[in-house]
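With mmCIF, C-alpha atoms inside, this is upload.cif:
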data_upload
#
loop_
_atom_site.label_atom_id
_atom_site.label_comp_id
_atom_site.auth_asym_id
_atom_site.auth_seq_id
_atom_site.Cartn_x
_atom_site.Cartn_y
_atom_site.Cartn_z
CA MET A 1 -5.82 14.64 -31.84
CA ALA A 2 -4.86 17.13 -29.11
CA ASP A 3 -5.80 20.32 -30.93
CA SER A 4 -8.06 21.33 -33.78
CA LEU A 5 -6.60 22.66 -36.99
CA THR A 6 -7.83 26.25 -36.63
CA SER A 7 -5.06 28.43 -35.21
CA SER A 8 -3.71 31.96 -35.08
CA THR A 9 -0.69 33.64 -33.50
CA VAL A 10 -1.15 36.09 -30.64
CA GLN A 11 1.74 38.29 -29.58
CA SER A 12 1.78 40.44 -26.47
CA GLY A 13 4.98 42.06 -25.21
CA GLU A 14 7.82 39.54 -25.28
CA SER A 15 5.91 36.26 -25.41
CA ALA A 16 4.02 34.72 -28.28
CA ALA A 17 1.58 31.83 -28.10
CA ILE A 18 -0.26 29.71 -30.62
CA VAL A 19 -3.98 29.88 -30.00
CA ARG A 20 -5.94 26.88 -31.22
CA LYS A 21 -9.67 26.54 -30.90
CA GLY A 22 -10.55 23.41 -29.01
CA VAL A 23 -7.35 23.11 -26.98
CA ALA A 24 -8.01 20.70 -24.13
CA ILE A 25 -5.80 19.42 -21.36
CA ALA A 26 -7.08 16.16 -19.85
CA GLY A 27 -10.49 16.92 -21.36
CA ILE A 28 -10.76 20.47 -19.96
CA GLN A 29 -11.10 23.29 -22.49
CA VAL A 30 -8.47 26.03 -22.16
CA SER A 31 -7.83 29.20 -24.16
CA VAL A 32 -4.10 28.75 -24.82
CA LYS A 33 -1.55 26.05 -24.10
CA LYS A 34 1.62 28.12 -23.60
CA SER A 35 4.09 25.32 -22.93
CA GLU A 36 4.55 21.66 -22.15
CA ALA A 37 7.66 20.02 -20.66
CA HIS A 38 8.06 16.26 -20.71
CA THR A 39 10.42 14.76 -18.08
CA TYR A 40 11.79 11.24 -18.32
CA THR A 41 14.13 10.38 -15.43
CA SER A 42 15.98 7.28 -14.33
CA GLN A 43 17.90 6.40 -11.21
CA ALA A 44 21.00 4.22 -11.25
CA THR A 45 21.25 2.07 -8.13
CA GLU A 46 24.46 2.25 -6.15
CA LEU A 47 25.91 -0.34 -3.82
CA ALA A 48 28.98 0.44 -1.72
CA MET A 49 31.59 -2.30 -1.56
CA GLU A 50 34.03 -2.93 1.31
CA SER A 51 36.88 -1.82 -0.93
CA GLY A 52 35.27 1.62 -1.20
CA ALA A 53 34.17 1.16 -4.79
CA THR A 54 30.59 1.76 -5.84
CA VAL A 55 28.82 -0.81 -7.99
CA THR A 56 25.98 0.24 -10.26
CA ASP A 57 24.05 -2.73 -11.58
CA HIS A 58 20.50 -1.58 -12.20
CA VAL A 59 18.54 1.39 -13.51
CA ILE A 60 15.12 2.29 -12.13
CA LEU A 61 12.76 4.10 -14.50
CA LYS A 62 10.95 6.86 -12.63
CA PRO A 63 7.37 7.83 -13.54
CA VAL A 64 7.03 10.27 -16.42
CA THR A 65 6.09 13.82 -15.45
CA LEU A 66 4.49 16.44 -17.64
CA ALA A 67 4.40 20.15 -16.83
CA VAL A 68 1.85 22.16 -18.81
CA THR A 69 1.20 25.89 -18.65
CA VAL A 70 -2.14 27.13 -19.94
CA ALA A 71 -3.69 30.56 -20.12
CA MET A 72 -7.40 31.21 -19.67
CA THR A 73 -9.43 34.28 -20.53
CA ASN A 74 -13.11 35.13 -20.38
CA ALA A 75 -13.04 36.87 -23.76
CA GLY A 76 -15.52 36.03 -26.42
CA ASP A 77 -18.41 33.95 -25.19
CA GLY A 78 -19.54 35.88 -22.10
CA ARG A 79 -19.11 33.01 -19.67
CA ASP A 80 -16.55 32.69 -16.89
CA ALA A 81 -14.33 30.21 -18.77
CA ALA A 82 -11.24 30.89 -16.66
CA ARG A 83 -13.06 30.11 -13.40
CA ASP A 84 -14.71 27.03 -14.93
CA ALA A 85 -11.35 25.63 -16.07
CA PHE A 86 -9.74 26.46 -12.73
CA GLU A 87 -12.52 24.70 -10.79
CA SER A 88 -12.33 21.69 -13.13
CA PHE A 89 -8.58 21.28 -12.57
CA VAL A 90 -9.01 21.68 -8.79
CA GLU A 91 -11.73 19.00 -8.81
CA MET A 92 -9.57 16.70 -10.97
CA ARG A 93 -6.75 17.04 -8.43
CA LYS A 94 -9.12 16.47 -5.53
CA ILE A 95 -10.64 13.21 -6.85
CA ARG A 96 -7.19 11.81 -7.75
CA GLU A 97 -8.49 9.76 -10.67
CA PRO A 98 -5.97 8.99 -13.44
CA VAL A 99 -6.68 10.77 -16.74
CA GLU A 100 -5.35 10.65 -20.28
CA VAL A 101 -3.33 13.67 -21.40
CA ILE A 102 -2.78 14.20 -25.13
CA THR A 103 0.03 16.57 -26.09
CA GLU A 104 1.63 17.62 -29.36
CA HIS A 105 4.27 14.91 -29.00
CA ALA A 106 2.87 12.08 -26.90
CA ILE A 107 -0.25 10.51 -25.41
CA TYR A 108 0.00 9.70 -21.71
CA THR A 109 -2.35 7.43 -19.80
CA ASN A 110 -2.79 7.09 -16.03
CA MET A 111 -1.74 10.68 -15.28
CA VAL A 112 -2.64 12.41 -12.00
CA ILE A 113 -2.20 16.05 -11.04
CA THR A 114 0.63 16.46 -8.55
CA SER A 115 0.85 20.25 -8.67
CA LEU A 116 -1.58 23.00 -9.64
CA THR A 117 -0.47 26.65 -9.63
CA PRO A 118 -3.02 29.21 -10.83
CA THR A 119 -1.73 32.77 -11.20
CA HIS A 120 -3.75 35.91 -11.87
CA SER A 121 -1.91 38.85 -13.40
CA ALA A 122 -3.35 42.36 -13.53
CA PRO A 123 -4.80 44.18 -15.44
CA TYR A 124 -6.77 41.36 -17.07
CA LYS A 125 -9.88 40.72 -15.00
CA GLY A 126 -10.64 37.03 -14.65
CA ALA A 127 -7.65 35.89 -16.73
CA LEU A 128 -5.57 33.05 -15.31
CA GLU A 129 -2.34 31.34 -16.12
CA ILE A 130 -2.32 27.83 -14.68
CA GLY A 131 0.76 25.65 -14.23
CA ILE A 132 -0.20 21.97 -14.02
CA THR A 133 2.17 19.10 -13.29
CA PHE A 134 1.01 15.58 -14.08
CA GLN A 135 2.75 12.37 -13.02
CA GLN A 136 2.14 8.96 -14.54
CA VAL A 137 0.94 6.34 -12.08
CA ASN A 138 2.18 2.79 -12.55
CA PHE A 139 -0.29 0.17 -11.34
CA VAL A 140 0.64 -3.34 -10.24
CA GLU A 141 -1.53 -6.35 -9.61
CA LEU A 142 -0.75 -8.25 -6.44
CA GLN A 143 -1.14 -11.99 -6.32
CA SER A 144 -1.47 -14.06 -3.18
CA VAL A 145 0.76 -17.09 -2.99
CA GLY A 146 0.60 -19.71 -0.27
CA ARG A 147 -0.64 -23.10 0.73
CA SER A 148 -3.13 -24.02 3.39
CA PRO A 149 -1.83 -26.11 6.32
CA SER A 150 -4.01 -29.07 5.25
CA THR A 151 -1.97 -29.51 2.05
CA LEU A 152 1.39 -29.37 3.86
CA LYS A 153 3.27 -32.32 5.33
CA GLY A 154 5.41 -32.81 8.41
CA SER A 155 6.64 -29.84 10.41
CA ALA A 156 5.58 -27.44 7.65
CA LYS A 157 1.97 -27.81 8.88
CA LYS A 158 2.89 -25.82 11.98
CA THR A 159 4.10 -22.84 9.96
CA GLY A 160 1.58 -22.99 7.09
CA ALA A 161 -0.74 -20.00 6.84
CA ALA A 162 -4.47 -20.52 6.86
CA PRO A 163 -6.81 -17.97 5.28
CA VAL A 164 -7.16 -15.01 7.58
CA GLN A 165 -10.61 -13.84 8.60
CA SER A 166 -10.48 -10.08 8.86
CA GLY A 167 -13.12 -7.84 10.30
CA LYS A 168 -13.94 -6.39 13.67
CA VAL A 169 -11.77 -7.83 16.42
CA GLU A 170 -12.36 -6.97 20.05
CA ALA A 171 -9.52 -6.87 22.53
CA LYS A 172 -9.62 -9.54 25.19
CA GLU A 173 -9.32 -8.57 28.81
CA PRO A 174 -5.85 -9.45 30.09
CA ASN A 175 -5.44 -12.06 32.79
CA LYS A 176 -5.81 -10.53 36.25
CA THR A 177 -3.11 -10.92 38.81
CA TYR A 178 -3.81 -12.46 42.20
CA LEU A 179 -3.80 -9.01 43.83
CA ALA A 180 -6.25 -7.60 41.27
CA GLU A 181 -8.63 -10.52 41.90
CA GLN A 182 -8.39 -9.95 45.68
CA LEU A 183 -9.10 -6.21 45.19
CA ASP A 184 -12.18 -6.96 43.06
CA ALA A 185 -13.46 -9.42 45.69
CA TRP A 186 -12.92 -6.85 48.45
CA LYS A 187 -14.84 -4.14 46.43
CA LYS A 188 -17.82 -6.48 46.03
CA LYS A 189 -18.13 -6.93 49.86
#
Would you mind writing the structure in this file as structure tokens?
Amino acid sequence: MADSLTSSTVQSGESAAIVRKGVAIAGIQVSVKKSEAHTYTSQATELAMESGATVTDHVILKPVTLAVTVAMTNAGDGRDAARDAFESFVEMRKIREPVEVITEHAIYTNMVITSLTPTHSAPYKGALEIGITFQQVNFVELQSVGRSPSTLKGSAKKTGAAPVQSGKVEAKEPNKTYLAEQLDAWKKK
């Protein structure tokens, strides 16, 4: 479950937030989760016809994005919790490893941080509000398809692809022209 059951309401000025002990975003403890916005978008393909009409025949599902705003304070336990959370999110963004994000309404796998916006507002020393945008990464598995030239028949043998040996390849010296050869011979004399 995303949050523990212990909660209380905190109200300051115009905004109110639900504070739950044990709130975590992608495994990082935060003081308050202020908001979460789930975005599901699609793109309809368009193909222009000679008549001037546009044909739409396919819909592409775009990756899900999740925007979360959290607030961090150093109140209570005497440690620098806001800085710790900030550094953890920065490191998570830096290593680019997909994480699981559990929200009130959905569980997302393979999420990476695409935007991180920490904001400090006075007069609260050490307090941070952090906007985090996650995007779901869709993985594919590539398969190699082909036949070796030895299994092909006729003219197909000429175009068949053999396994490629990759590694370090050194450039060959281009063929010298007659004048270049004569110049080299003259330099040696």
Residues at most 7 Å from Ala26 of chain A, counting all atoms listed in the file, excluding those fewer than 4 positions away in the same chain, as a ChimeraX atom specification?
/A:99-101
Where does the PyMOL selection byres ((chain A and resi 96) around 12) land in this file, that is, which residues does it pick, as a PyMOL selection string?
chain A and resi 89-95+97-99+110-115+134-137
For the PyMOL selection byres ((chain A and resi 66-76) around 8), applied here, can you spell out every residue it catches as an MDAnalysis selection string?
chainID A and resid 30:39 64:65 77:82 85 126:135
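Evaluated on this file, the PyMOL selection byres ((chain A and resi 57) around 12) matches A:Gln43, A:Ala44, A:Thr45, A:Glu46, A:Leu47, A:Ala48, A:Thr54, A:Val55, A:Thr56, A:His58, A:Val59, A:Ile60.
You will find atom CA of Glu87 of chain A at 20.3 Å from atom CA of Ile102 of chain A.
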Can you work out the spacing between atom CA of Pro63 of chain A and atom CA of Ser42 of chain A in Å, to one decimal?
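So the answer is 8.7 Å.
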Axis-aligned box for segment 57-61 of chain A, 4 Å per side, centre and edges in Å as lines of an AutoDock Vina configuration file:
center_x = 18.4
center_y = 0.7
center_z = -13.0
size_x = 19.3
size_y = 14.8
size_z = 10.9
Do you have the atom CA of Thr41 of chain A-atom CA of Leu61 of chain A distance handy?
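Distance between the two atoms: 6.5 Å.
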